[in-house]
Each structure stands twice: as structure tokens, then as C-alpha cells.
$ cat my_file-v7.tsv   # TSV, C-alpha atoms and all ligand atoms
chain	number	residue	atom	x	y	z
P	518	MET	CA	39.35	-20.03	15.34
P	519	ASP	CA	39.78	-21.45	11.85
P	520	GLU	CA	36.78	-20.59	9.74
P	521	ILE	CA	36.58	-21.34	6.04
P	522	PRO	CA	36.12	-17.99	4.24
P	523	THR	CA	33.10	-17.25	2.06
P	524	ILE	CA	33.54	-15.67	-1.36
P	525	ASP	CA	30.67	-13.98	-3.18
P	526	TYR	CA	31.22	-14.85	-6.85
P	527	SER	CA	29.13	-11.90	-8.08
P	528	LEU	CA	31.32	-9.38	-6.22
P	529	LEU	CA	34.46	-10.64	-7.99
P	530	PHE	CA	33.04	-9.02	-11.11
P	531	SER	CA	31.33	-6.03	-9.47
P	532	LYS	CA	31.25	-2.81	-11.46
P	533	ASP	CA	32.04	-0.98	-8.24
P	534	HIS	CA	35.84	-0.81	-8.34
P	535	ASN	CA	36.30	-0.78	-4.55
P	536	GLU	CA	33.90	-3.64	-3.98
P	537	ARG	CA	35.66	-5.72	-6.66
P	538	ALA	CA	39.15	-4.94	-5.31
P	539	LYS	CA	38.04	-5.87	-1.78
P	540	SER	CA	36.56	-9.20	-2.82
P	541	LEU	CA	39.60	-10.07	-4.97
P	542	GLU	CA	41.81	-9.39	-1.97
P	543	HIS	CA	39.56	-11.63	0.12
P	544	LEU	CA	39.82	-14.36	-2.55
P	545	GLY	CA	43.62	-14.10	-2.69
P	546	LYS	CA	43.81	-14.45	1.10
P	547	ALA	CA	41.45	-17.45	1.04
P	548	CYS	CA	43.63	-19.17	-1.59
P	549	GLN	CA	46.87	-18.41	0.22
P	550	ASP	CA	45.84	-18.92	3.86
P	551	PHE	CA	43.22	-21.69	3.55
P	552	GLY	CA	43.48	-23.31	0.10
P	553	CYS	CA	39.68	-23.48	0.07
P	554	PHE	CA	36.53	-21.37	0.42
P	555	TYR	CA	32.74	-21.45	0.27
P	556	LEU	CA	31.40	-19.88	-2.93
P	557	ILE	CA	28.03	-18.16	-3.02
P	558	ASN	CA	26.18	-16.75	-6.05
P	559	GLY	CA	28.12	-19.02	-8.42
P	560	VAL	CA	25.61	-21.56	-9.70
P	561	GLU	CA	21.85	-20.99	-9.24
P	562	GLU	CA	20.37	-22.60	-6.13
P	563	ARG	CA	17.74	-24.43	-8.24
P	564	VAL	CA	20.53	-26.03	-10.28
P	565	VAL	CA	22.60	-27.13	-7.25
P	566	GLU	CA	19.49	-28.54	-5.54
P	567	GLY	CA	18.52	-30.28	-8.80
P	568	ALA	CA	21.92	-31.95	-9.07
P	569	LEU	CA	21.79	-33.18	-5.47
P	570	LYS	CA	18.24	-34.47	-5.95
P	571	GLY	CA	19.29	-36.18	-9.21
P	572	ILE	CA	22.18	-37.95	-7.48
P	573	SER	CA	20.04	-38.90	-4.51
P	574	ASP	CA	17.28	-40.28	-6.80
P	575	TYR	CA	19.87	-42.22	-8.75
P	576	PHE	CA	21.19	-43.93	-5.62
P	577	GLU	CA	17.60	-44.50	-4.35
P	578	LEU	CA	16.07	-45.78	-7.54
P	579	THR	CA	18.85	-48.10	-8.65
P	580	ASN	CA	20.47	-50.91	-6.77
P	581	GLN	CA	24.14	-51.61	-6.34
P	582	GLU	CA	24.06	-54.38	-8.89
P	583	GLU	CA	22.70	-52.05	-11.59
P	584	ARG	CA	25.27	-49.43	-10.76
P	585	SER	CA	28.06	-51.98	-10.84
P	586	GLU	CA	27.41	-52.21	-14.58
P	587	TYR	CA	29.96	-49.41	-14.72
P	588	LEU	CA	32.66	-51.44	-13.03
P	589	LYS	CA	35.78	-50.57	-15.01
P	590	LYS	CA	36.50	-53.00	-17.81
P	591	ASN	CA	39.21	-51.16	-19.68
P	592	SER	CA	41.19	-47.94	-19.52
P	593	MET	CA	39.01	-46.25	-22.16
P	594	ASP	CA	35.89	-46.39	-19.95
P	595	ARG	CA	34.79	-42.83	-19.37
P	596	ILE	CA	32.31	-43.72	-16.65
P	597	ARG	CA	33.31	-46.15	-13.92
P	598	TRP	CA	32.01	-47.47	-10.64
P	599	TYR	CA	33.62	-48.94	-7.56
P	600	LEU	CA	32.75	-49.92	-4.02
P	601	ARG	CA	35.32	-49.98	-1.27
P	602	SER	CA	34.87	-50.85	2.34
P	603	ASP	CA	38.07	-51.30	4.24
P	604	ALA	CA	40.09	-49.49	6.87
P	605	GLY	CA	41.26	-46.78	4.44
P	606	GLU	CA	38.07	-46.11	2.47
P	607	ASN	CA	34.33	-46.64	2.85
P	608	ARG	CA	32.35	-45.43	-0.14
P	609	GLU	CA	30.55	-46.27	-3.32
P	610	ASN	CA	31.83	-44.13	-6.13
P	611	ILE	CA	31.02	-43.33	-9.75
P	612	LYS	CA	33.46	-41.28	-11.81
P	613	ILE	CA	32.38	-39.61	-15.04
P	614	VAL	CA	34.56	-37.67	-17.46
P	615	THR	CA	32.51	-34.51	-18.01
P	616	HIS	CA	34.74	-32.16	-20.01
P	617	PRO	CA	35.85	-31.54	-22.78
P	618	GLU	CA	33.18	-34.16	-23.64
P	619	TYR	CA	30.27	-34.99	-21.40
P	620	HIS	CA	30.31	-38.75	-21.09
P	621	CYS	CA	27.30	-39.25	-18.89
P	622	PRO	CA	24.94	-41.57	-20.81
P	623	SER	CA	21.54	-39.88	-21.22
P	624	ASN	CA	19.76	-42.97	-19.89
P	625	LEU	CA	21.55	-42.52	-16.59
P	626	ILE	CA	18.87	-40.72	-14.60
P	627	VAL	CA	21.33	-38.22	-13.16
P	628	ALA	CA	22.51	-37.08	-16.60
P	629	ASN	CA	20.33	-33.97	-17.00
P	630	ALA	CA	20.50	-32.82	-13.41
P	631	ILE	CA	24.25	-32.99	-13.09
P	632	GLY	CA	24.71	-31.83	-16.70
P	633	GLU	CA	23.04	-28.52	-15.91
P	634	TYR	CA	25.12	-28.10	-12.75
P	635	LEU	CA	28.36	-28.91	-14.57
P	636	LYS	CA	27.53	-26.45	-17.35
P	637	GLY	CA	27.05	-23.71	-14.76
P	638	MET	CA	30.14	-24.82	-12.87
P	639	HIS	CA	32.23	-24.63	-16.06
P	640	GLU	CA	31.29	-20.96	-16.43
P	641	VAL	CA	32.23	-20.42	-12.79
P	642	GLU	CA	35.53	-22.20	-13.40
P	643	LEU	CA	36.38	-19.73	-16.18
P	644	GLY	CA	35.33	-16.84	-13.94
P	645	LEU	CA	37.41	-18.10	-11.02
P	646	ALA	CA	40.36	-18.58	-13.39
P	647	LYS	CA	40.08	-14.86	-14.24
P	648	ALA	CA	39.70	-13.75	-10.64
P	649	ILE	CA	42.48	-15.99	-9.28
P	650	SER	CA	44.82	-14.85	-12.08
P	651	THR	CA	44.16	-11.26	-10.99
P	652	THR	CA	44.91	-12.10	-7.34
P	653	LEU	CA	48.26	-13.49	-8.50
P	654	GLY	CA	49.06	-10.22	-10.23
P	655	TYR	CA	48.55	-11.54	-13.76
P	656	GLU	CA	46.16	-10.58	-16.52
P	657	GLU	CA	42.73	-12.20	-16.38
P	658	THR	CA	43.41	-14.76	-19.10
P	659	TYR	CA	46.59	-16.10	-17.46
P	660	ILE	CA	45.32	-19.34	-15.86
P	661	GLU	CA	42.85	-20.06	-18.67
P	662	LYS	CA	45.76	-19.96	-21.14
P	663	GLU	CA	48.30	-21.76	-18.91
P	664	PHE	CA	45.88	-24.64	-18.22
P	665	LYS	CA	44.20	-24.55	-21.68
P	666	LEU	CA	40.87	-24.66	-19.90
P	667	GLU	CA	38.80	-24.69	-23.10
P	668	ALA	CA	39.92	-28.33	-23.34
P	669	GLY	CA	40.25	-28.80	-19.57
P	670	PHE	CA	39.92	-32.37	-18.32
P	671	ASP	CA	37.13	-32.56	-15.73
P	672	VAL	CA	36.04	-35.64	-13.81
P	673	ALA	CA	32.88	-35.66	-11.67
P	674	THR	CA	32.81	-38.09	-8.77
P	675	LEU	CA	29.49	-39.14	-7.24
P	676	ASN	CA	30.04	-40.49	-3.75
P	677	LEU	CA	27.75	-42.46	-1.48
P	678	TYR	CA	29.02	-42.93	2.08
P	679	PRO	CA	27.23	-45.41	4.31
P	680	PRO	CA	25.89	-44.45	7.74
P	681	SER	CA	28.36	-45.17	10.50
P	682	LEU	CA	27.32	-46.25	13.93
P	683	GLN	CA	30.83	-46.09	15.30
P	684	SER	CA	31.29	-43.17	17.63
P	685	LYS	CA	35.00	-42.92	16.94
P	686	GLY	CA	34.58	-42.51	13.22
P	687	SER	CA	35.69	-44.86	10.49
P	688	THR	CA	37.46	-43.48	7.46
P	689	GLY	CA	35.27	-42.55	4.50
P	690	LEU	CA	38.27	-41.37	2.53
P	691	ALA	CA	41.80	-41.06	3.88
P	692	GLU	CA	43.77	-37.80	3.99
P	693	HIS	CA	44.75	-36.64	0.49
P	694	THR	CA	44.94	-33.74	-1.95
P	695	ASP	CA	43.26	-33.65	-5.37
P	696	PRO	CA	44.97	-33.11	-8.72
P	697	GLY	CA	43.91	-30.27	-11.01
P	698	PHE	CA	43.15	-26.57	-10.90
P	699	PHE	CA	40.48	-26.88	-8.20
P	700	VAL	CA	37.74	-29.17	-6.98
P	701	SER	CA	34.12	-28.10	-6.54
P	702	LEU	CA	32.01	-30.00	-4.04
P	703	ILE	CA	28.34	-30.20	-3.11
P	704	GLN	CA	26.83	-32.51	-0.48
P	705	ASP	CA	23.37	-33.43	0.80
P	706	VAL	CA	24.16	-33.48	4.54
P	707	ASN	CA	26.88	-31.75	6.50
P	708	GLY	CA	29.43	-33.69	8.47
P	709	GLY	CA	32.08	-35.97	7.04
P	710	LEU	CA	34.39	-33.85	4.93
P	711	GLN	CA	37.21	-32.17	6.84
P	712	VAL	CA	40.02	-29.91	5.64
P	713	LEU	CA	43.37	-29.45	7.33
P	714	SER	CA	43.99	-25.80	8.18
P	715	HIS	CA	47.46	-24.35	7.61
P	716	GLN	CA	47.68	-24.21	11.42
P	717	GLY	CA	47.27	-27.99	11.54
P	718	ASN	CA	43.63	-28.30	12.71
P	719	TRP	CA	40.98	-30.42	11.01
P	720	ILE	CA	37.96	-28.23	10.18
P	721	THR	CA	34.58	-29.79	9.33
P	722	VAL	CA	33.20	-28.54	6.03
P	723	ASN	CA	29.66	-27.35	6.80
P	724	ILE	CA	28.41	-26.09	3.47
P	725	PRO	CA	25.55	-23.60	3.90
P	726	ARG	CA	22.57	-23.85	1.52
P	727	ASN	CA	23.09	-22.45	-1.94
P	728	THR	CA	26.86	-22.67	-1.54
P	729	ILE	CA	29.60	-24.67	-3.27
P	730	PHE	CA	32.82	-25.71	-1.57
P	731	ILE	CA	35.92	-24.90	-3.64
P	732	GLY	CA	39.32	-26.41	-2.81
P	733	ILE	CA	42.61	-25.63	-4.55
P	734	GLY	CA	44.13	-28.55	-6.49
P	735	ASP	CA	47.70	-29.80	-6.88
P	736	HIS	CA	48.31	-28.19	-10.26
P	737	LEU	CA	47.60	-24.65	-9.06
P	738	GLU	CA	50.12	-25.33	-6.29
P	739	ILE	CA	52.65	-26.48	-8.91
P	740	LEU	CA	52.00	-23.53	-11.26
P	741	THR	CA	52.35	-21.02	-8.41
P	742	ASN	CA	55.37	-22.88	-6.99
P	743	GLY	CA	53.61	-23.40	-3.68
P	744	LYS	CA	52.09	-19.91	-3.24
P	745	TYR	CA	48.53	-21.29	-3.40
P	746	LYS	CA	48.64	-24.74	-1.80
P	747	SER	CA	46.45	-27.71	-2.60
P	748	HIS	CA	43.95	-28.30	0.23
P	749	ILE	CA	44.48	-31.44	2.34
P	750	HIS	CA	41.22	-33.17	3.17
P	751	GLN	CA	39.64	-36.41	4.41
P	752	VAL	CA	36.21	-37.88	5.02
P	753	ILE	CA	35.44	-39.26	8.47
P	754	LEU	CA	32.20	-41.15	9.08
P	755	ASP	CA	31.83	-39.92	12.63
P	756	ASN	CA	28.56	-40.94	14.16
P	757	ASN	CA	27.02	-40.47	10.75
P	758	GLU	CA	23.53	-41.76	11.32
P	759	VAL	CA	22.43	-41.27	7.75
P	760	LYS	CA	24.10	-42.00	4.45
P	761	ARG	CA	25.82	-39.02	2.87
P	762	ILE	CA	25.96	-38.09	-0.80
P	763	SER	CA	28.52	-35.78	-2.33
P	764	MET	CA	29.65	-34.77	-5.78
P	765	ALA	CA	33.27	-33.67	-6.12
P	766	THR	CA	34.34	-32.43	-9.54
P	767	LEU	CA	38.02	-32.18	-10.37
P	768	HIS	CA	38.48	-29.27	-12.78
P	769	GLY	CA	41.81	-29.81	-14.50
P	770	PRO	CA	44.07	-28.44	-17.22
P	771	SER	CA	43.87	-30.11	-20.64
P	772	LEU	CA	45.62	-33.47	-20.64
P	773	ASP	CA	48.44	-32.25	-22.89
P	774	THR	CA	49.21	-29.14	-20.77
P	775	LEU	CA	52.73	-29.13	-19.39
P	776	VAL	CA	52.37	-27.88	-15.82
P	777	ALA	CA	55.50	-26.56	-14.12
P	778	PRO	CA	56.23	-23.69	-11.71
P	779	ALA	CA	55.82	-20.48	-13.74
P	780	PRO	CA	58.87	-18.18	-13.99
P	781	GLY	CA	56.99	-15.41	-12.16
P	782	PHE	CA	56.93	-17.55	-8.99
P	783	ILE	CA	60.61	-18.51	-9.09
P	784	ASN	CA	63.47	-16.45	-7.75
P	785	ASP	CA	66.68	-17.01	-5.82
P	786	SER	CA	64.89	-17.52	-2.54
P	787	HIS	CA	62.07	-19.54	-4.16
P	788	PRO	CA	63.70	-22.17	-6.38
P	789	PRO	CA	61.28	-24.37	-8.35
P	790	THR	CA	59.79	-26.85	-5.88
P	791	TYR	CA	58.19	-29.13	-8.50
P	792	ARG	CA	59.27	-30.63	-11.78
P	793	GLY	CA	57.16	-30.09	-14.87
P	794	MET	CA	55.04	-32.78	-16.43
P	795	THR	CA	51.97	-32.93	-18.67
P	796	TYR	CA	48.70	-33.19	-16.78
P	797	LYS	CA	48.09	-36.64	-18.28
P	798	GLU	CA	51.52	-37.92	-17.22
P	799	SER	CA	51.10	-36.60	-13.70
P	800	LEU	CA	47.68	-38.26	-13.41
P	801	GLU	CA	49.06	-41.55	-14.65
P	802	LEU	CA	52.02	-41.44	-12.28
P	803	ASN	CA	49.90	-42.76	-9.45
P	804	GLY	CA	47.08	-44.58	-11.13
P	805	PHE	CA	46.36	-47.01	-13.92
P	806	ASP	CA	45.24	-44.26	-16.28
P	807	GLU	CA	44.17	-40.62	-16.17
P	808	ILE	CA	40.87	-41.35	-14.39
P	809	ASP	CA	41.92	-43.81	-11.67
P	810	VAL	CA	43.98	-41.10	-10.04
P	811	GLN	CA	45.53	-40.25	-6.76
P	812	SER	CA	47.56	-37.14	-6.11
P	813	SER	CA	51.14	-37.31	-7.38
P	814	LEU	CA	52.19	-34.03	-5.76
P	815	ILE	CA	54.84	-35.75	-3.63
P	816	GLN	CA	56.47	-37.45	-6.61
P	817	LEU	CA	56.54	-34.13	-8.46
P	818	GLN	CA	58.43	-32.45	-5.66
P	819	MET	CA	62.06	-31.62	-6.40
P	820	PRO	CA	64.46	-33.72	-4.36
P	821	LEU	CA	65.57	-32.08	-1.11
P	822	SER	CA	69.20	-32.18	-2.26
P	823	PHE	CA	68.29	-29.90	-5.21
P	824	LEU	CA	66.49	-27.41	-2.96
P	825	ILE	CA	69.36	-27.40	-0.45
P	826	SER	CA	71.91	-26.68	-3.19
P	827	CYS	CA	69.70	-23.80	-4.47
P	828	MET	CA	69.52	-22.33	-0.96
P	829	VAL	CA	73.29	-22.73	-0.46
P	830	LEU	CA	73.90	-20.92	-3.76
P	831	TYR	CA	71.46	-18.19	-2.76
P	832	PHE	CA	73.15	-17.56	0.61
P	833	TYR	CA	76.59	-17.75	-1.02
P	834	ASN	CA	75.52	-15.03	-3.51
P	835	CYS	CA	74.21	-12.88	-0.64
P	836	LEU	CA	77.61	-12.82	1.07
B	901	LIG	O1	33.00	-36.74	-0.54
B	901	LIG	C1	33.73	-35.86	-0.11
B	901	LIG	O2	33.35	-35.05	0.73
B	901	LIG	C2	35.14	-35.72	-0.61
B	901	LIG	C3	35.43	-36.52	-1.83
B	901	LIG	C4	36.84	-36.38	-2.25
B	901	LIG	O3	37.66	-35.83	-1.57
B	901	LIG	C5	37.27	-36.93	-3.54
B	901	LIG	O4	36.46	-37.58	-4.22
B	901	LIG	O5	38.46	-36.71	-3.90
B	902	FE	FE	39.40	-35.31	-2.66
$ encode --input "my_file-v7.tsv" --output "C-alpha cells" --more "lines below"
Ligand SMILES: O=C(O)CCC(=O)C(=O)O
Ligand SMILES: [Fe+2]
Amino acid sequence: MDEIPTIDYSLLFSKDHNERAKSLEHLGKACQDFGCFYLINGVEERVVEGALKGISDYFELTNQEERSEYLKKNSMDRIRWYLRSDAGENRENIKIVTHPEYHCPSNLIVANAIGEYLKGMHEVELGLAKAISTTLGYEETYIEKEFKLEAGFDVATLNLYPPSLQSKGSTGLAEHTDPGFFVSLIQDVNGGLQVLSHQGNWITVNIPRNTIFIGIGDHLEILTNGKYKSHIHQVILDNNEVKRISMATLHGPSLDTLVAPAPGFINDSHPPTYRGMTYKESLELNGFDEIDVQSSLIQLQMPLSFLISCMVLYFYNCL
């Protein structure tokens, strides 16, 4: 049975050497075998609950017309709204650039609630960068430096999915991966989000209370040359009798960071699988600008002909 692993954030920094080593090993396995995990003891329960309540109040206390004020007008808009309801996507969505500058206007009633969550989550991001670097066999500061996380580009997405009376499930959000280092996700009700296991099964993400879902993003896959793979996920509105709210935050490198497979993950039998590009360029490859993004992992993949010639050379050298 595929079961998403649970990582206790506090144990990753335990003073007990054995306990710490065991939980780092668990984290490394979660990243390599699942590309995602549930995180406990990361951000305080009060703060996570506050963020969800803030988002829920925002959607309750405003109407669609008010929210549509944030319909994108130009590429410099740092907060933007859209509504989609077609075969490929059914959701109302607000994207806010939250780091390095927090762009949520203070008159937006969710500002304080999600601000506190994002502040906590940024600390967790730096902690996970340390722990994941260690699992890769590098010093703690490796990912933080490689991705220049002090200026990391983070975008929070507030999602509202409508109830669905169809028993066969309409698509909330089609199968995709997310750009960035990782995505953190909280939701008000379970059911909807699914991740594709490495064995090819869709697993429903049932986030226990006081827990945050963490999924690896495209740019950690690129940096590690495919060792830690970006998680493939989708949202299905299967018999969803109530609306569902989620907040997915893409935690990314700084926009000017050139992300390419690191030399430590390349050898004769593992030629570089992706080409390098700045984070901004890779985000723009598949969108109008760095916020209207879709994954560009496929475009960043080296052509098959290049990989075949590397493998031929490798086998030739082995003879
Ligand atoms: O709402 C969800 O559960 C997932 C959202 C998501 O995958 C995204 O915004 O990229
Ligand atoms: Fe996503």
C-alpha cells in the first residue's frame, strides 16, 4: 500500500544524534521514493488554523465580483485573481507574491492570517533546505546557497473549488507538477488533491490536523538531476458535496538563480538530464510572466538524442 510518509520537523534538528540521523534518513527516503510527505511540528497549529479560517472568511465575506478586482491587468500585478470552469480546470484562484516582498494588501482580510503562516513557513523552508541538503550528502547550507533562498521567489495560491455533484469526478486541476524548490499545502477539507505514486497509483492526500503537505518541486528535481523528483498531482472533484479551500505556496529560488543539474549528481551513467536556465526564464517559458506559470520541466529536459549519445559513450568507455 502506498502511504504518504510523515516527517516530524522537530526531530530533524533533535539533539539526540541517533534520533536526528533516523529522521533524516526517513526524510531522504520520502523525497526519493514519494516526492512528498506530511510535515508535523513545523508551523504552530494555531497559525495553520488561523490561515485556513482567514481564507475561509475571505471567501465567505466577499463576493466574486469584489474578488475579481484582482483580475490581472498587467504583468506587474503582484496579486491576481481568476475563475476557470471548463473540462480541464474548475476553481477560483488568487495568486499573491509573498517573498522576498509580501504583496498582500493589508486591507485584504486574509493578509494577517496568511502573513503569520507564511512567516512561519519561511522558517520551515530554511530548515527543510538544511535537512534536505544533509540527506543529499551536502553541508547544511547547500540548497539555501544554490537557490539563494534569502531572496527566494514565493507565490501563495488561494484556491476555492466548488462542490461537485458528479459521482465520476470533474477535474479541479489537471495532472501537473509545480515549479520551485517545494510546495507547501494546507486545506480545509480532505478529498480532492491526489498525488501519483512512483508505482503509478493515485493517492488521495488526507492531511491530518496540525499537518502541512510538502511536495517536491521541479527545480529540486533539476538541481539533483532527477534524484529527488517533482511530485505529480491533480485535483479531482469527486462527489465533493462541499466547497473546498486550499492554499498552495510555491517556494522557489530567487528569480536570477541559474538552476542546472549540480556536478555532484552527474557522472558517466547519469548525464545531465536538464538544461540550465534562470528561475525567471524557466517560469516564463510556459506562461505570460513569472506568476502565470505552468511547469516547464518537459521543455527543460535534454533531448533524447543527447542522452542516448551519452549512454553510448559510457558503454563504449566500459568496453
Ligand atoms: O488545491 C490543491 O489541492 C492543489 C493546488 C495546486 O496543485 C496548485 O495550485 O498548483
Ligand atoms: Fe500544483
$ residues_around --input "my_file-v7.tsv" --residues "Lys570 of chain P" --least-positions-apart "6" --cutoff "12 Å" --atoms "all atoms listed in the file" --output "list in words"
Arg563, Val564, Phe576, Glu577, Leu578, Ile626, Val627, Ala628, Asn629, Ala630, Ile631, Tyr634, Ile703, Gln704, Asp705, Ile762, Ser763 and Met764 of chain P
$ residues_around --input "my_file-v7.tsv" --residues "Asp806 of chain P" --least-positions-apart "4" --cutoff "9 Å" --atoms "only C-alpha atoms" --output "VMD selection string"
chain P and resid 592 to 593 797 to 798 800 to 802 810
$ residues_near_ligand --input "my_file-v7.tsv" --ligand "ligand LIG 901 (chain B)" --cutoff "7 Å" --atoms "only C-alpha atoms and all ligand atoms" --output "list in words"
Thr674, Asn676, Leu690, Asp695, Gly709, Leu710, His750, Gln751, Val752, Ser763, Met764 and Ala765 of chain P
$ residues_around --input "my_file-v7.tsv" --residues "Leu529 of chain P" --least-positions-apart "4" --cutoff "9 Å" --atoms "only C-alpha atoms" --output "PyMOL selection string"
chain P and resi 524-525+536-541+544+644-645+648
$ residues_near_ligand --input "my_file-v7.tsv" --ligand "ligand FE 902 (chain B)" --cutoff "12 Å" --atoms "all atoms listed in the file" --output "number ranges by chain"
P: 672-676, 689-697, 699-702, 710-712, 730-735, 747-752, 763-768, 810-812
$ residues_around --input "my_file-v7.tsv" --residues "Glu609 of chain P" --least-positions-apart "4" --cutoff "7 Å" --atoms "all atoms listed in the file" --output "JSON, numbers by chain"
{"P": [599, 600, 601, 676, 677, 678]}
$ residues_around --input "my_file-v7.tsv" --residues "Gly654 of chain P" --least-positions-apart "3" --cutoff "12 Å" --atoms "all atoms listed in the file" --output "PyMOL selection string"
chain P and resi 541-542+545+647-651+657-660+741+781-782
$ residues_near_point --input "my_file-v7.tsv" --point "(55.4, -24.4, -13.3)" --cutoff "6 Å" --atoms "all atoms listed in the file" --output "MDAnalysis selection string"
chainID P and resid 739:740 776:779
$ write_last_selection --input "my_file-v7.tsv" --atoms "C-alpha atoms" --output "tab-separated table (two decimals), in the coordinates of the input"
chain	number	residue	atom	x	y	z
P	739	ILE	CA	52.65	-26.48	-8.91
P	740	LEU	CA	52.00	-23.53	-11.26
P	776	VAL	CA	52.37	-27.88	-15.82
P	777	ALA	CA	55.50	-26.56	-14.12
P	778	PRO	CA	56.23	-23.69	-11.71
P	779	ALA	CA	55.82	-20.48	-13.74
$ closest_residue --input "my_file-v7.tsv" --among "P:Val565, P:Cys548, P:Ile783, P:Leu588" --to "Asn610 of chain P" --atoms "all atoms listed in the file"
P:Leu588
$ atom_distance --input "my_file-v7.tsv" --atom1 "atom CA of Glu583 of chain P" --atom2 "atom CA of Trp598 of chain P"
10.4 Å
$ closest_residue --input "my_file-v7.tsv" --among "P:Asp574, P:Glu606, P:Glu561, P:Asp550" --to "Leu754 of chain P" --atoms "only C-alpha atoms"
P:Glu606
$ atom_distance --input "my_file-v7.tsv" --atom1 "atom CA of Ile596 of chain P" --atom2 "atom CA of Gln816 of chain P"
26.9 Å
$ atom_distance --input "my_file-v7.tsv" --atom1 "atom CA of Ala547 of chain P" --atom2 "atom CA of His616 of chain P"
26.5 Å
$ axis_aligned_box --input "my_file-v7.tsv" --around "segment 803-813 of chain P" --padding-each-side "8 Å" --output "JSON"
{"center_x": 46.0, "center_y": -42.1, "center_z": -11.2, "size_x": 26.3, "size_y": 25.9, "size_z": 26.2}
$ closest_residue --input "my_file-v7.tsv" --among "P:Ser799, P:Asn742, P:Thr579, P:Asn607" --to "Leu625 of chain P" --atoms "all atoms listed in the file"
P:Thr579
$ closest_residue --input "my_file-v7.tsv" --among "P:Ser531, P:Ser602, P:Tyr526, P:Ile613" --to "Asp809 of chain P" --atoms "only C-alpha atoms"
P:Ile613
$ closest_residue --input "my_file-v7.tsv" --among "P:Gly708, P:Gly717, P:Gly632, P:Gly769" --to "Leu666 of chain P" --atoms "all atoms listed in the file"
P:Gly769
